[in-house]
$ cat data33.txt   # compact mmCIF, C-alpha atoms
# COMPACT_ATOMS: atom_id res chain seq x y z
CA MET A 1 18.59 18.98 -5.91
CA GLN A 2 18.39 21.79 -3.35
CA LYS A 3 14.93 23.01 -2.45
CA ASP A 4 15.51 26.70 -1.93
CA ASN A 5 14.45 29.90 -3.68
CA PHE A 6 17.45 30.00 -6.00
CA ILE A 7 17.52 26.55 -7.59
CA GLU A 8 14.45 25.40 -9.50
CA GLU A 9 13.43 21.74 -9.15
CA TYR A 10 12.60 19.88 -12.36
CA PHE A 11 10.38 16.84 -12.62
CA PRO A 12 10.05 14.47 -15.54
CA LEU A 13 6.82 14.71 -17.49
CA VAL A 14 5.33 11.33 -18.38
CA ASN A 15 2.59 9.99 -20.60
CA GLU A 16 -0.18 7.74 -19.28
CA GLU A 17 2.08 4.68 -19.69
CA GLY A 18 4.80 6.26 -17.54
CA LYS A 19 7.21 7.00 -20.39
CA ILE A 20 9.22 10.21 -19.94
CA ILE A 21 8.21 12.76 -22.56
CA GLY A 22 9.84 15.92 -21.21
CA LYS A 23 10.49 17.92 -18.07
CA ALA A 24 8.94 20.83 -16.21
CA SER A 25 9.61 22.88 -13.10
CA ARG A 26 7.83 22.27 -9.80
CA LYS A 27 6.01 25.55 -10.31
CA GLU A 28 4.79 24.50 -13.77
CA CYS A 29 3.56 21.14 -12.42
CA HIS A 30 1.67 22.73 -9.51
CA ASN A 31 0.10 25.75 -11.22
CA GLY A 32 -3.01 24.05 -12.56
CA SER A 33 -1.41 22.96 -15.84
CA LYS A 34 -2.14 19.30 -14.99
CA LYS A 35 1.21 18.23 -16.46
CA LEU A 36 1.50 14.55 -15.56
CA HIS A 37 4.57 13.99 -13.36
CA PRO A 38 5.66 10.96 -11.28
CA VAL A 39 5.79 10.62 -7.50
CA VAL A 40 6.59 7.83 -5.05
CA HIS A 41 4.59 6.80 -1.98
CA LEU A 42 5.68 4.39 0.75
CA HIS A 43 3.21 2.96 3.26
CA VAL A 44 5.14 1.94 6.38
CA PHE A 45 3.53 -0.76 8.54
CA ASN A 46 4.97 -1.91 11.86
CA SER A 47 4.97 -5.53 13.03
CA GLN A 48 1.61 -4.95 14.80
CA GLY A 49 -0.05 -4.00 11.49
CA LYS A 50 -0.31 -0.29 12.32
CA LEU A 51 0.30 2.22 9.51
CA TYR A 52 2.62 5.19 9.96
CA LEU A 53 1.21 8.50 8.77
CA GLN A 54 2.88 11.88 8.54
CA LYS A 55 1.21 15.16 9.36
CA ARG A 56 2.12 17.58 6.61
CA SER A 57 3.76 20.83 7.58
CA THR A 58 1.46 23.85 7.67
CA HIS A 59 3.95 25.49 5.27
CA LYS A 60 3.33 22.97 2.45
CA ASP A 61 1.82 24.39 -0.74
CA ILE A 62 -0.55 21.42 -1.12
CA GLN A 63 -2.78 20.01 1.69
CA PRO A 64 -0.99 21.75 4.61
CA GLY A 65 -1.59 20.33 8.09
CA LYS A 66 -3.32 17.14 6.95
CA TRP A 67 -2.34 13.54 7.69
CA ASP A 68 -0.87 11.73 4.70
CA THR A 69 1.06 8.71 3.45
CA ALA A 70 4.25 8.05 5.48
CA VAL A 71 6.48 8.97 2.54
CA GLY A 72 5.48 10.90 -0.52
CA GLY A 73 7.67 12.81 -2.88
CA HIS A 74 8.42 13.80 -6.41
CA ILE A 75 10.82 11.96 -8.65
CA ASP A 76 13.46 14.42 -9.82
CA TYR A 77 14.33 14.67 -13.49
CA GLY A 78 16.99 12.00 -14.24
CA GLU A 79 16.19 9.97 -11.09
CA THR A 80 14.80 6.41 -11.06
CA VAL A 81 11.65 5.42 -9.16
CA GLU A 82 13.75 3.25 -6.80
CA ASP A 83 16.30 6.00 -6.11
CA ALA A 84 13.52 8.54 -5.45
CA LEU A 85 11.84 6.11 -3.04
CA LYS A 86 15.08 5.61 -1.09
CA ARG A 87 15.89 9.34 -1.08
CA GLU A 88 12.43 10.44 0.04
CA THR A 89 12.26 7.77 2.77
CA ARG A 90 15.68 8.80 4.10
CA GLU A 91 14.83 12.54 3.92
CA GLU A 92 11.36 12.34 5.44
CA LEU A 93 11.68 9.55 8.03
CA GLY A 94 15.40 8.83 8.45
CA ILE A 95 14.86 5.22 7.32
CA THR A 96 17.63 3.75 5.17
CA GLU A 97 17.12 -0.01 5.53
CA PHE A 98 13.78 -1.30 4.26
CA VAL A 99 12.43 -3.69 1.66
CA PRO A 100 9.79 -2.06 -0.54
CA VAL A 101 6.98 -4.10 -2.12
CA LYS A 102 5.20 -2.50 -5.06
CA ASN A 103 1.45 -2.05 -4.59
CA PHE A 104 0.31 -0.44 -7.82
CA THR A 105 0.70 2.58 -10.08
CA TYR A 106 -2.17 4.99 -10.70
CA ILE A 107 -2.93 8.54 -11.78
CA PHE A 108 -4.23 10.98 -9.18
CA GLU A 109 -5.69 14.31 -10.20
CA SER A 110 -6.50 17.26 -7.96
CA SER A 111 -7.65 20.77 -8.87
CA ILE A 112 -4.06 21.91 -9.45
CA GLU A 113 -2.00 18.89 -10.44
CA ARG A 114 -1.91 15.46 -12.02
CA GLU A 115 0.47 12.79 -10.70
CA MET A 116 1.46 9.27 -11.69
CA ILE A 117 1.87 7.61 -8.31
CA TYR A 118 4.15 4.63 -7.77
CA SER A 119 2.83 3.13 -4.51
CA PHE A 120 4.91 0.80 -2.31
CA ARG A 121 4.61 -0.70 1.18
CA THR A 122 7.05 -2.08 3.71
CA ILE A 123 7.08 -3.58 7.19
CA TYR A 124 9.46 -1.67 9.43
CA SER A 125 9.83 -1.68 13.21
CA GLY A 126 12.98 0.38 13.67
CA PRO A 127 13.27 4.01 14.73
CA VAL A 128 11.40 6.64 12.72
CA VAL A 129 12.88 10.14 12.84
CA PRO A 130 10.59 12.53 10.96
CA ASP A 131 12.19 15.56 9.31
CA THR A 132 10.44 18.39 11.14
CA GLU A 133 11.14 20.83 8.29
CA GLU A 134 9.20 18.62 5.88
CA LEU A 135 6.64 17.20 8.32
CA GLU A 136 4.93 18.49 11.42
CA THR A 137 4.93 15.07 13.11
CA GLY A 138 4.12 11.42 12.50
CA LYS A 139 2.69 8.39 14.28
CA PHE A 140 1.46 4.83 13.79
CA TRP A 141 -2.33 4.49 13.41
CA SER A 142 -4.39 1.33 13.71
CA ILE A 143 -6.35 0.44 10.59
CA GLU A 144 -9.54 0.91 12.63
CA GLU A 145 -8.49 4.45 13.64
CA ILE A 146 -7.90 5.32 9.99
CA GLU A 147 -11.20 3.79 8.86
CA ASN A 148 -13.08 5.71 11.57
CA ASN A 149 -11.60 9.02 10.39
CA ILE A 150 -12.01 8.66 6.62
CA GLY A 151 -14.11 11.51 5.22
CA LYS A 152 -13.67 13.77 8.25
CA GLY A 153 -11.19 16.17 6.58
CA ILE A 154 -8.12 15.19 8.59
CA PHE A 155 -6.46 13.11 5.84
CA THR A 156 -5.43 14.28 2.39
CA PRO A 157 -7.89 13.23 -0.33
CA ASN A 158 -5.00 11.44 -2.06
CA PHE A 159 -4.25 9.37 1.07
CA GLU A 160 -7.90 8.42 1.52
CA SER A 161 -8.28 7.17 -2.05
CA GLU A 162 -4.96 5.33 -1.97
CA PHE A 163 -5.70 3.76 1.43
CA LEU A 164 -8.86 2.16 0.00
CA LYS A 165 -6.85 0.80 -2.97
CA LEU A 166 -4.18 -0.45 -0.57
CA GLN A 167 -6.70 -2.31 1.60
CA GLU A 168 -8.10 -4.01 -1.50
CA THR A 169 -4.61 -4.99 -2.67
CA ILE A 170 -3.60 -6.41 0.71
CA ASN A 171 -6.90 -8.28 1.08
CA ASN A 172 -6.39 -9.85 -2.37
CA ILE A 173 -2.92 -11.10 -1.32
CA HIS A 174 -4.22 -12.98 1.74
$ encode --input "data33.txt" --output "structure tokens"
Amino acid sequence: MQKDNFIEEYFPLVNEEGKIIGKASRKECHNGSKKLHPVVHLHVFNSQGKLYLQKRSTHKDIQPGKWDTAVGGHIDYGETVEDALKRETREELGITEFVPVKNFTYIFESSIEREMIYSFRTIYSGPVVPDTEELETGKFWSIEEIENNIGKGIFTPNFESEFLKLQETINNIH
């Protein structure tokens, strides 16, 4: 769906089990109503184990100018989790060929919204072409660099909490 001033985006509303119970506009979901709506996140690792992060555009309505998960986006009403993940990854990073592995699903709440996050990871070493209308820039970070900057206000709070969950998940696999 187009993201301009004339066409309103609609997101599914879900219950705590992820079942769709309705729909609401982007504005309704981000106005402090705390309507639970689903999003997808993709953590992109390269073959050296570095994690790609995007720097959010300063024009974003939420957490402008902060470093965040490589791919993060809303699931549109009528769209599947898998289709949203592919669409957002293509739109934000220009990546079309990747194999996602599901990490976990959790609910994140900020002062203005409540999201059910479907978190995935992938290993990808091809070209990354960030959409400069959506993102300011992006780069691969070592895990140590990320750990050394947690709590310093350069990452989104959502990324920081999810990164800690992701580390625990990956450590439990090995």
$ closest_residue --input "data33.txt" --among "A:Pro130, A:Pro38, A:Gly73, A:Gly22" --to "A:Arg114" --atoms "all atoms listed in the file"
A:Pro38
$ residues_near_point --input "data33.txt" --point "(-0.2, 20.9, 7.4)" --cutoff "10 Å" --atoms "all atoms listed in the file" --output "list of chain:residue names"
A:Gln54, A:Lys55, A:Arg56, A:Ser57, A:Thr58, A:His59, A:Lys60, A:Asp61, A:Ile62, A:Gln63, A:Pro64, A:Gly65, A:Lys66, A:Trp67, A:Asp68, A:Glu134, A:Leu135, A:Glu136, A:Thr137, A:Ile154, A:Thr156
$ write_last_selection --input "data33.txt" --atoms "C-alpha atoms" --output "mmCIF file, keeping the file's coordinate frame"
data_model
loop_
_atom_site.group_PDB
_atom_site.id
_atom_site.type_symbol
_atom_site.label_atom_id
_atom_site.label_comp_id
_atom_site.auth_asym_id
_atom_site.auth_seq_id
_atom_site.Cartn_x
_atom_site.Cartn_y
_atom_site.Cartn_z
ATOM 1 C CA GLN A 54 2.880 11.880 8.540
ATOM 2 C CA LYS A 55 1.210 15.160 9.360
ATOM 3 C CA ARG A 56 2.120 17.580 6.610
ATOM 4 C CA SER A 57 3.760 20.830 7.580
ATOM 5 C CA THR A 58 1.460 23.850 7.670
ATOM 6 C CA HIS A 59 3.950 25.490 5.270
ATOM 7 C CA LYS A 60 3.330 22.970 2.450
ATOM 8 C CA ASP A 61 1.820 24.390 -0.740
ATOM 9 C CA ILE A 62 -0.550 21.420 -1.120
ATOM 10 C CA GLN A 63 -2.780 20.010 1.690
ATOM 11 C CA PRO A 64 -0.990 21.750 4.610
ATOM 12 C CA GLY A 65 -1.590 20.330 8.090
ATOM 13 C CA LYS A 66 -3.320 17.140 6.950
ATOM 14 C CA TRP A 67 -2.340 13.540 7.690
ATOM 15 C CA ASP A 68 -0.870 11.730 4.700
ATOM 16 C CA GLU A 134 9.200 18.620 5.880
ATOM 17 C CA LEU A 135 6.640 17.200 8.320
ATOM 18 C CA GLU A 136 4.930 18.490 11.420
ATOM 19 C CA THR A 137 4.930 15.070 13.110
ATOM 20 C CA ILE A 154 -8.120 15.190 8.590
ATOM 21 C CA THR A 156 -5.430 14.280 2.390
#
$ closest_atom_pairs --input "data33.txt" --of "stretch 113-133 of chain A" --to "stretch 77-96 of chain A" --cutoff "10 Å" --atoms "only C-alpha atoms" --output "JSON lines"
{"residue": "A:Tyr118", "atom": "CA", "partner": "A:Val81", "partner_atom": "CA", "distance": 7.7}
{"residue": "A:Ser119", "atom": "CA", "partner": "A:Leu85", "partner_atom": "CA", "distance": 9.6}
{"residue": "A:Phe120", "atom": "CA", "partner": "A:Leu85", "partner_atom": "CA", "distance": 8.8}
{"residue": "A:Tyr124", "atom": "CA", "partner": "A:Ile95", "partner_atom": "CA", "distance": 9.0}
{"residue": "A:Gly126", "atom": "CA", "partner": "A:Ile95", "partner_atom": "CA", "distance": 8.2}
{"residue": "A:Pro127", "atom": "CA", "partner": "A:Ile95", "partner_atom": "CA", "distance": 7.7}
{"residue": "A:Val128", "atom": "CA", "partner": "A:Leu93", "partner_atom": "CA", "distance": 5.5}
{"residue": "A:Val129", "atom": "CA", "partner": "A:Leu93", "partner_atom": "CA", "distance": 5.0}
{"residue": "A:Pro130", "atom": "CA", "partner": "A:Leu93", "partner_atom": "CA", "distance": 4.3}
{"residue": "A:Asp131", "atom": "CA", "partner": "A:Glu92", "partner_atom": "CA", "distance": 5.1}
{"residue": "A:Thr132", "atom": "CA", "partner": "A:Glu92", "partner_atom": "CA", "distance": 8.4}
{"residue": "A:Glu133", "atom": "CA", "partner": "A:Glu92", "partner_atom": "CA", "distance": 9.0}
$ atom_distance --input "data33.txt" --atom1 "atom CA of A:Trp141" --atom2 "atom CA of A:Ile112"
28.8 Å
$ residues_around --input "data33.txt" --residues "A:Asp76" --least-positions-apart "3" --cutoff "8 Å" --atoms "only C-alpha atoms" --output "number ranges by chain"
A: 1, 9-12, 79, 84
$ atom_distance --input "data33.txt" --atom1 "atom CA of A:Ile117" --atom2 "atom CA of A:Phe159"
11.3 Å
$ closest_residue --input "data33.txt" --among "A:His37, A:Leu13, A:Leu53, A:Pro100" --to "A:Ile146" --atoms "only C-alpha atoms"
A:Leu53
$ atom_distance --input "data33.txt" --atom1 "atom CA of A:Glu8" --atom2 "atom CA of A:Phe108"
23.6 Å
